[in-house]
>>> print(open('my_file.txt').read())   # compact mmCIF, C-alpha atoms and all ligand atoms
# COMPACT_ATOMS: atom_id res chain seq x y z
CA ALA A 1 9.87 4.60 3.07
CA THR A 2 8.09 1.27 2.98
CA PRO A 3 5.05 0.92 0.69
CA GLY A 4 1.91 1.77 2.63
CA ALA A 5 3.88 3.89 5.13
CA LEU A 6 1.14 6.53 4.95
CA ALA A 7 -1.84 4.16 4.82
CA GLY A 8 -4.79 5.52 6.76
CA ARG A 9 -3.23 9.00 6.96
CA HIS A 10 -4.83 12.13 5.56
CA VAL A 11 -2.23 14.38 3.88
CA VAL A 12 -3.35 17.89 2.89
CA ILE A 13 -1.19 19.84 0.44
CA THR A 14 -1.55 23.40 -0.87
CA ALA A 15 -0.05 24.06 -4.29
CA GLY A 16 0.38 26.74 -6.91
CA PRO A 17 -0.02 30.50 -6.67
CA THR A 18 -2.97 32.47 -5.40
CA ARG A 19 -4.52 35.16 -7.54
CA GLU A 20 -5.71 38.38 -5.95
CA ALA A 21 -8.23 40.33 -8.01
CA ILE A 22 -7.64 44.02 -8.75
CA ASP A 23 -10.75 44.52 -10.87
CA PRO A 24 -12.90 42.20 -13.01
CA VAL A 25 -10.08 41.68 -15.53
CA ARG A 26 -6.80 42.04 -13.59
CA TYR A 27 -5.01 40.38 -10.69
CA LEU A 28 -1.80 40.15 -8.65
CA SER A 29 -0.07 36.77 -8.62
CA ASN A 30 3.33 35.03 -8.96
CA HIS A 31 5.14 32.48 -11.12
CA SER A 32 4.37 29.34 -9.10
CA SER A 33 3.48 26.44 -11.43
CA GLY A 34 2.14 24.06 -8.78
CA LYS A 35 4.47 21.28 -10.01
CA MET A 36 6.16 20.72 -6.63
CA GLY A 37 2.85 20.44 -4.75
CA PHE A 38 1.38 18.07 -7.34
CA ALA A 39 4.54 15.91 -7.16
CA LEU A 40 4.19 15.77 -3.36
CA ALA A 41 0.54 14.73 -3.73
CA GLU A 42 1.53 11.84 -6.00
CA ALA A 43 4.35 10.75 -3.69
CA ALA A 44 2.01 10.75 -0.66
CA ARG A 45 -0.64 8.82 -2.62
CA ASP A 46 1.97 6.24 -3.66
CA LEU A 47 2.73 5.68 0.04
CA GLY A 48 -0.95 4.92 0.66
CA ALA A 49 -2.16 8.27 2.02
CA HIS A 50 -5.57 9.78 1.41
CA VAL A 51 -4.48 13.05 -0.25
CA THR A 52 -6.34 16.35 -0.50
CA LEU A 53 -4.72 18.79 -2.89
CA ILE A 54 -5.83 22.41 -2.55
CA ALA A 55 -4.69 24.11 -5.72
CA GLY A 56 -4.53 27.72 -6.78
CA PRO A 57 -4.94 28.53 -10.49
CA VAL A 58 -2.54 26.13 -12.26
CA SER A 59 -2.71 24.29 -15.58
CA LEU A 60 -1.97 20.79 -14.28
CA ALA A 61 -4.12 17.67 -14.59
CA THR A 62 -5.41 16.14 -11.36
CA PRO A 63 -3.30 13.09 -10.48
CA GLU A 64 -5.28 9.87 -10.24
CA GLY A 65 -6.62 8.97 -6.82
CA ILE A 66 -6.29 12.45 -5.36
CA THR A 67 -9.06 14.70 -4.04
CA ARG A 68 -8.59 18.17 -5.51
CA THR A 69 -10.17 21.48 -4.49
CA ASP A 70 -9.50 24.45 -6.76
CA VAL A 71 -9.30 27.93 -5.26
CA ILE A 72 -8.32 31.35 -6.59
CA SER A 73 -7.43 33.66 -3.70
CA ALA A 74 -5.57 33.24 -0.41
CA VAL A 75 -8.77 33.76 1.57
CA GLU A 76 -10.46 30.97 -0.40
CA MET A 77 -7.39 28.76 0.11
CA LEU A 78 -7.58 29.29 3.88
CA GLU A 79 -11.27 28.32 3.90
CA ALA A 80 -10.55 25.15 1.91
CA VAL A 81 -7.65 24.24 4.24
CA ASN A 82 -9.77 24.85 7.36
CA ALA A 83 -12.41 22.45 6.06
CA THR A 84 -9.81 19.63 5.95
CA LEU A 85 -8.22 20.18 9.36
CA PRO A 86 -10.45 17.99 11.53
CA SER A 87 -9.08 14.90 9.76
CA CYS A 88 -5.64 16.17 8.65
CA ASP A 89 -2.57 14.24 9.89
CA ILE A 90 0.11 15.92 7.78
CA PHE A 91 -0.18 19.41 6.30
CA ILE A 92 2.26 20.54 3.59
CA GLY A 93 2.06 24.21 2.62
CA CYS A 94 3.65 24.25 -0.81
CA ALA A 95 1.54 27.07 -2.26
CA ALA A 96 3.10 30.43 -3.09
CA VAL A 97 0.41 32.41 -1.30
CA ALA A 98 0.25 36.10 -2.17
CA ASP A 99 1.29 38.07 0.89
CA TYR A 100 -1.14 40.90 0.11
CA ARG A 101 -4.52 41.37 -1.55
CA LEU A 102 -6.33 44.48 -2.70
CA ALA A 103 -7.99 46.38 0.15
CA GLU A 104 -10.96 46.77 -2.20
CA VAL A 105 -11.59 44.98 -5.48
CA ALA A 106 -12.91 47.47 -8.05
CA GLU A 107 -16.38 46.57 -9.28
CA HIS A 108 -15.61 47.81 -12.79
CA LYS A 109 -12.47 47.74 -14.90
CA LEU A 110 -10.07 50.47 -13.78
CA LYS A 111 -9.60 53.12 -16.41
CA LYS A 112 -6.43 54.94 -17.28
CA VAL A 113 -6.65 58.49 -15.98
CA PRO A 114 -5.40 60.90 -18.68
CA GLY A 115 -2.60 63.11 -17.42
CA SER A 116 -2.05 60.94 -14.32
CA PRO A 117 1.18 58.92 -14.72
CA ASP A 118 1.03 57.22 -11.28
CA LEU A 119 -1.47 54.76 -9.87
CA THR A 120 -1.53 53.58 -6.26
CA LEU A 121 -3.10 50.26 -5.26
CA ASN A 122 -3.96 49.81 -1.58
CA LEU A 123 -3.03 46.37 -0.30
CA VAL A 124 -3.83 44.56 2.94
CA GLU A 125 -2.06 41.53 4.37
CA ASN A 126 -3.42 38.10 3.54
CA PRO A 127 -3.88 35.48 6.25
CA ASP A 128 -0.83 33.25 6.78
CA ILE A 129 -2.44 29.90 6.00
CA ILE A 130 0.29 27.65 7.35
CA ALA A 131 0.57 29.67 10.58
CA ALA A 132 -3.21 29.42 11.00
CA VAL A 133 -2.81 25.62 10.81
CA THR A 134 0.05 25.38 13.32
CA HIS A 135 -1.47 27.81 15.81
CA ARG A 136 -4.56 25.64 16.29
CA GLU A 137 -4.98 23.31 19.19
CA ASP A 138 -3.56 19.86 18.33
CA PRO A 139 -2.04 20.84 14.97
CA PRO A 140 -1.08 18.27 12.32
CA PHE A 141 2.58 17.58 11.50
CA THR A 142 3.31 20.62 9.34
CA VAL A 143 5.82 21.11 6.55
CA GLY A 144 6.46 24.54 5.04
CA PHE A 145 8.39 25.78 2.04
CA ALA A 146 10.67 28.79 1.84
CA ALA A 147 11.51 30.18 -1.58
CA GLU A 148 14.39 32.56 -1.16
CA THR A 149 16.79 34.40 -3.41
CA ARG A 150 19.38 35.00 -0.66
CA GLU A 151 20.28 34.11 2.93
CA LEU A 152 18.47 30.77 2.63
CA ALA A 153 19.45 29.42 6.06
CA ARG A 154 18.61 32.52 8.04
CA HIS A 155 15.19 33.01 6.46
CA ALA A 156 14.38 29.30 6.70
CA HIS A 157 15.26 29.17 10.39
CA ASP A 158 13.23 32.29 11.06
CA LYS A 159 10.15 30.82 9.31
CA LEU A 160 10.56 27.47 11.04
CA VAL A 161 10.29 29.14 14.44
CA ARG A 162 7.81 31.94 13.64
CA LYS A 163 5.40 29.64 11.77
CA ARG A 164 5.89 26.76 14.29
CA LEU A 165 6.73 24.30 11.51
CA ASP A 166 7.95 20.76 12.08
CA LEU A 167 10.06 20.94 8.92
CA ILE A 168 10.88 23.57 6.33
CA VAL A 169 11.98 22.88 2.77
CA ALA A 170 14.15 25.78 1.63
CA ASN A 171 14.60 26.41 -2.10
CA ASP A 172 17.00 28.81 -3.72
CA VAL A 173 14.71 30.25 -6.39
CA ALA A 174 17.55 32.34 -7.83
CA ALA A 175 19.34 29.16 -8.99
CA PRO A 176 19.14 28.67 -12.77
CA ASN A 177 16.75 25.93 -14.02
CA LEU A 178 15.48 25.15 -10.52
CA GLY A 179 12.46 26.11 -8.47
CA PHE A 180 9.64 28.31 -9.78
CA GLY A 181 8.11 26.86 -12.93
CA ALA A 182 11.02 24.46 -13.53
CA ASP A 183 10.79 20.66 -13.64
CA ASP A 184 13.72 20.27 -11.26
CA ASN A 185 14.29 21.47 -7.75
CA ALA A 186 16.92 21.32 -5.02
CA ALA A 187 16.32 21.96 -1.33
CA VAL A 188 17.76 22.14 2.12
CA LEU A 189 15.55 20.69 4.89
CA TYR A 190 15.62 22.35 8.30
CA HIS A 191 14.02 21.24 11.53
CA LEU A 192 14.55 21.75 15.23
CA VAL A 193 16.12 19.00 17.29
CA PRO A 194 13.57 18.16 19.98
CA ASN A 195 14.89 18.51 23.53
CA GLY A 196 18.20 19.83 22.24
CA PRO A 197 19.95 22.26 24.56
CA GLU A 198 19.40 25.31 22.37
CA ASP A 199 16.99 23.65 19.97
CA PRO A 200 19.60 23.80 17.22
CA VAL A 201 18.52 23.53 13.62
CA ALA A 202 19.49 20.39 11.76
CA SER A 203 19.76 20.51 8.03
CA TYR A 204 19.83 17.99 5.20
CA THR A 205 20.62 18.83 1.59
CA LEU A 206 18.74 17.40 -1.37
CA SER A 207 20.77 17.95 -4.56
CA PRO A 208 19.08 19.08 -7.83
CA ARG A 209 16.68 16.48 -9.23
CA PRO A 210 13.22 16.24 -10.84
CA LYS A 211 10.45 17.47 -8.55
CA GLN A 212 8.93 13.94 -8.45
CA ASP A 213 12.23 12.58 -7.08
CA LEU A 214 12.53 15.43 -4.60
CA ALA A 215 8.99 14.73 -3.36
CA ARG A 216 9.83 11.05 -2.82
CA ALA A 217 13.09 11.95 -1.07
CA LEU A 218 11.25 14.28 1.28
CA PHE A 219 8.92 11.49 2.40
CA GLU A 220 11.93 9.13 2.69
CA TYR A 221 13.44 11.64 5.10
CA LEU A 222 10.22 11.98 7.10
CA LEU A 223 9.42 8.25 7.13
CA PRO A 224 12.73 6.38 7.12
O1 LIG B 301 6.64 33.72 4.49
P1 LIG B 301 6.72 32.90 3.26
O2 LIG B 301 5.62 33.19 2.26
O3 LIG B 301 8.06 32.85 2.60
O4 LIG B 301 6.48 31.43 3.80
C1 LIG B 301 6.41 30.34 2.95
C2 LIG B 301 5.61 29.24 3.58
O5 LIG B 301 4.43 29.75 4.21
C3 LIG B 301 5.11 28.27 2.54
O6 LIG B 301 4.98 27.01 3.17
C4 LIG B 301 3.76 28.86 2.16
O7 LIG B 301 2.89 27.89 1.60
C5 LIG B 301 3.26 29.36 3.50
N1 LIG B 301 2.39 30.55 3.44
C6 LIG B 301 1.05 30.44 3.76
N2 LIG B 301 0.25 31.55 3.76
C7 LIG B 301 0.76 32.76 3.45
C8 LIG B 301 2.13 32.89 3.12
C9 LIG B 301 2.91 31.76 3.11
O8 LIG B 301 0.58 29.34 4.04
N3 LIG B 301 -0.04 33.82 3.45
>>> encode(input="my_file.txt", output="structure tokens")
Amino acid sequence: ATPGALAGRHVVITAGPTREAIDPVRYLSNHSSGKMGFALAEAARDLGAHVTLIAGPVSLATPEGITRTDVISAVEMLEAVNATLPSCDIFIGCAAVADYRLAEVAEHKLKKVPGSPDLTLNLVENPDIIAAVTHREDPPFTVGFAAETRELARHAHDKLVRKRLDLIVANDVAAPNLGFGADDNAAVLYHLVPNGPEDPVASYTLSPRPKQDLARALFEYLLP
């Protein structure tokens, strides 16, 4: 992509995990480090974009020249995303959003019940943030991520269609030294071919490389 290819564009990126409180001291979450989303933010900034990074709880420094909003839960992340949408041109959902949250967060620390070996937590579905973005009127160009441990292509295609994404970046998180928490990542990009007879899915493979390089390659692909 040429320098300044994203000048004047507002790119909004979600990154990291969300954390869903169980009680005042415990939560449900996942192993997302936020590194991929932060690398995308830097790559978009380097192409001249105005970048808003909406980050779950991660231990990463804010890259220079990027507007960052910190959130904890999926519901908070959705609110922060919604606030950016009026001016958003490109939305990249890189966050590993928890699919469920507690139906009720306990006001006080849950206590072990003597003689009761099982504990049941009631969960309710979280909002699908990226689907909320694409199902609006006049949605931005939207890129999603799919972290899978098997049947990468099938799940990626399914998400592309169901979430109405323009592009999906599929990662094999079962691969050693790649994906979740790692410094390197590999991906297969899927998108529909507009006006194709059966809207077939096209794919493009990005071999293993540092997340910064993968982020740059993704924008190269989007902005040749
Ligand atoms: O369905 P799955 O979680 O695998 O989909 C992954 C994609 O959807 C990612 O782009 C992720 O950021 C987004 N997502 C979301 N809100 C959710 C769940 C996933 O934005 N509640």
>>> closest_atom_pairs(input="my_file.txt", of="chain A", to="ligand LIG 301 (chain B)", cutoff="8 Å", atoms="all atoms listed in the file", output="CSV")
residue,atom,partner,partner_atom,distance
A:Thr14,CA,B:LIG301,O7,6.8
A:Ala15,CA,B:LIG301,O7,7.6
A:Ala74,CA,B:LIG301,N3,6.8
A:Ile92,CA,B:LIG301,O6,7.0
A:Gly93,CA,B:LIG301,O7,3.9
A:Cys94,CA,B:LIG301,O7,4.4
A:Ala95,CA,B:LIG301,O7,4.2
A:Ala96,CA,B:LIG301,O7,5.3
A:Val97,CA,B:LIG301,C8,4.8
A:Ala98,CA,B:LIG301,N3,6.1
A:Asp99,CA,B:LIG301,N3,5.1
A:Tyr100,CA,B:LIG301,N3,7.9
A:Asn126,CA,B:LIG301,N3,5.5
A:Pro127,CA,B:LIG301,N3,5.0
A:Asp128,CA,B:LIG301,N3,3.5
A:Ile129,CA,B:LIG301,O8,3.6
A:Ile130,CA,B:LIG301,O8,3.7
A:Ala131,CA,B:LIG301,O8,6.5
A:Ala132,CA,B:LIG301,O8,7.9
A:Val143,CA,B:LIG301,O6,6.9
A:Gly144,CA,B:LIG301,O6,3.4
A:Phe145,CA,B:LIG301,O6,3.8
A:Ala146,CA,B:LIG301,C1,4.7
A:Ala147,CA,B:LIG301,O3,6.0
A:Glu148,CA,B:LIG301,O3,7.4
A:Lys159,CA,B:LIG301,O1,6.6
A:Lys163,CA,B:LIG301,O5,7.6
A:Ile168,CA,B:LIG301,O6,7.5
>>> atom_distance(input="my_file.txt", atom1="CA of Leu152 (chain A)", atom2="CA of Arg101 (chain A)")
25.7 Å
>>> atom_distance(input="my_file.txt", atom1="CA of Tyr221 (chain A)", atom2="CA of Glu42 (chain A)")
16.3 Å
>>> closest_residue(input="my_file.txt", among="A:Asp118, A:Pro176, A:Ser203, A:Lys211", to="Leu189 (chain A)", atoms="only C-alpha atoms")
A:Ser203
>>> closest_residue(input="my_file.txt", among="A:Ile13, A:Ala186, A:Ala5, A:Val25", to="Asp70 (chain A)", atoms="all atoms listed in the file")
A:Ile13
>>> closest_residue(input="my_file.txt", among="A:Asn195, A:Thr149, A:Ala49, A:Tyr204", to="Ala174 (chain A)", atoms="only C-alpha atoms")
A:Thr149
>>> closest_residue(input="my_file.txt", among="A:Val133, A:Arg45, A:Phe141, A:Arg26", to="Leu78 (chain A)", atoms="only C-alpha atoms")
A:Val133
>>> residues_around(input="my_file.txt", residues="Arg209 (chain A)", least_positions_apart="5", cutoff="9 Å", atoms="only C-alpha atoms", output="PyMOL selection string")
chain A and resi 178+183-186+214
>>> write_last_selection(input="my_file.txt", atoms="C-alpha atoms", output="mmCIF file, in the frame of the given file")
data_model
loop_
_atom_site.group_PDB
_atom_site.id
_atom_site.type_symbol
_atom_site.label_atom_id
_atom_site.label_comp_id
_atom_site.auth_asym_id
_atom_site.auth_seq_id
_atom_site.Cartn_x
_atom_site.Cartn_y
_atom_site.Cartn_z
ATOM 1 C CA LEU A 178 15.480 25.150 -10.520
ATOM 2 C CA ASP A 183 10.790 20.660 -13.640
ATOM 3 C CA ASP A 184 13.720 20.270 -11.260
ATOM 4 C CA ASN A 185 14.290 21.470 -7.750
ATOM 5 C CA ALA A 186 16.920 21.320 -5.020
ATOM 6 C CA LEU A 214 12.530 15.430 -4.600
#
>>> atom_distance(input="my_file.txt", atom1="CA of Arg162 (chain A)", atom2="CA of Ser29 (chain A)")
24.1 Å
>>> residues_near_point(input="my_file.txt", point="(-7.6, 38.0, -4.6)", cutoff="9 Å", atoms="only C-alpha atoms", output="PDB file with C-alpha atoms, in the coordinates of the input")
ATOM      1  CA  THR A  18      -2.970  32.470  -5.400  1.00  0.00           C
ATOM      2  CA  ARG A  19      -4.520  35.160  -7.540  1.00  0.00           C
ATOM      3  CA  GLU A  20      -5.710  38.380  -5.950  1.00  0.00           C
ATOM      4  CA  ALA A  21      -8.230  40.330  -8.010  1.00  0.00           C
ATOM      5  CA  ILE A  22      -7.640  44.020  -8.750  1.00  0.00           C
ATOM      6  CA  TYR A  27      -5.010  40.380 -10.690  1.00  0.00           C
ATOM      7  CA  LEU A  28      -1.800  40.150  -8.650  1.00  0.00           C
ATOM      8  CA  SER A  29      -0.070  36.770  -8.620  1.00  0.00           C
ATOM      9  CA  ILE A  72      -8.320  31.350  -6.590  1.00  0.00           C
ATOM     10  CA  SER A  73      -7.430  33.660  -3.700  1.00  0.00           C
ATOM     11  CA  ALA A  74      -5.570  33.240  -0.410  1.00  0.00           C
ATOM     12  CA  VAL A  75      -8.770  33.760   1.570  1.00  0.00           C
ATOM     13  CA  GLU A  76     -10.460  30.970  -0.400  1.00  0.00           C
ATOM     14  CA  ALA A  98       0.250  36.100  -2.170  1.00  0.00           C
ATOM     15  CA  TYR A 100      -1.140  40.900   0.110  1.00  0.00           C
ATOM     16  CA  ARG A 101      -4.520  41.370  -1.550  1.00  0.00           C
ATOM     17  CA  LEU A 102      -6.330  44.480  -2.700  1.00  0.00           C
ATOM     18  CA  VAL A 105     -11.590  44.980  -5.480  1.00  0.00           C
TER      19      VAL A 105
END
>>> residues_around(input="my_file.txt", residues="His191 (chain A)", least_positions_apart="6", cutoff="9 Å", atoms="all atoms listed in the file", output="ChimeraX atom specification")
/A:157,160,165-168,200-203
>>> closest_residue(input="my_file.txt", among="A:Met77, A:Val11, A:Ile90, A:Val71", to="Val51 (chain A)", atoms="all atoms listed in the file")
A:Val11
>>> residues_around(input="my_file.txt", residues="Thr205 (chain A)", least_positions_apart="4", cutoff="10 Å", atoms="all atoms listed in the file", output="ChimeraX atom specification")
/A:169-170,186-190
>>> write_last_selection(input="my_file.txt", atoms="C-alpha atoms", output="short mmCIF file (atom, residue, chain, number, x, y, z; two decimals), in the coordinates of the input")
data_model
loop_
_atom_site.label_atom_id
_atom_site.label_comp_id
_atom_site.auth_asym_id
_atom_site.auth_seq_id
_atom_site.Cartn_x
_atom_site.Cartn_y
_atom_site.Cartn_z
CA VAL A 169 11.98 22.88 2.77
CA ALA A 170 14.15 25.78 1.63
CA ALA A 186 16.92 21.32 -5.02
CA ALA A 187 16.32 21.96 -1.33
CA VAL A 188 17.76 22.14 2.12
CA LEU A 189 15.55 20.69 4.89
CA TYR A 190 15.62 22.35 8.30
#
>>> residues_around(input="my_file.txt", residues="Ala215 (chain A)", least_positions_apart="5", cutoff="10 Å", atoms="only C-alpha atoms", output="list in words")
Met36, Gly37, Phe38, Ala39, Leu40, Ala41, Glu42, Ala43, Ala44, Asn185, Arg209, Pro210 and Glu220 of chain A
>>> residues_around(input="my_file.txt", residues="region 64-69 of chain A", least_positions_apart="5", cutoff="6 Å", atoms="only C-alpha atoms", output="list in words")
Val51, Thr52, Leu53 and Ile54 of chain A
>>> axis_aligned_box(input="my_file.txt", around="region 26-43 of chain A", padding_each_side="3 Å", output="lines of an AutoDock Vina configuration file")
center_x = -0.3
center_y = 26.4
center_z = -8.5
size_x = 19.0
size_y = 37.3
size_z = 16.2
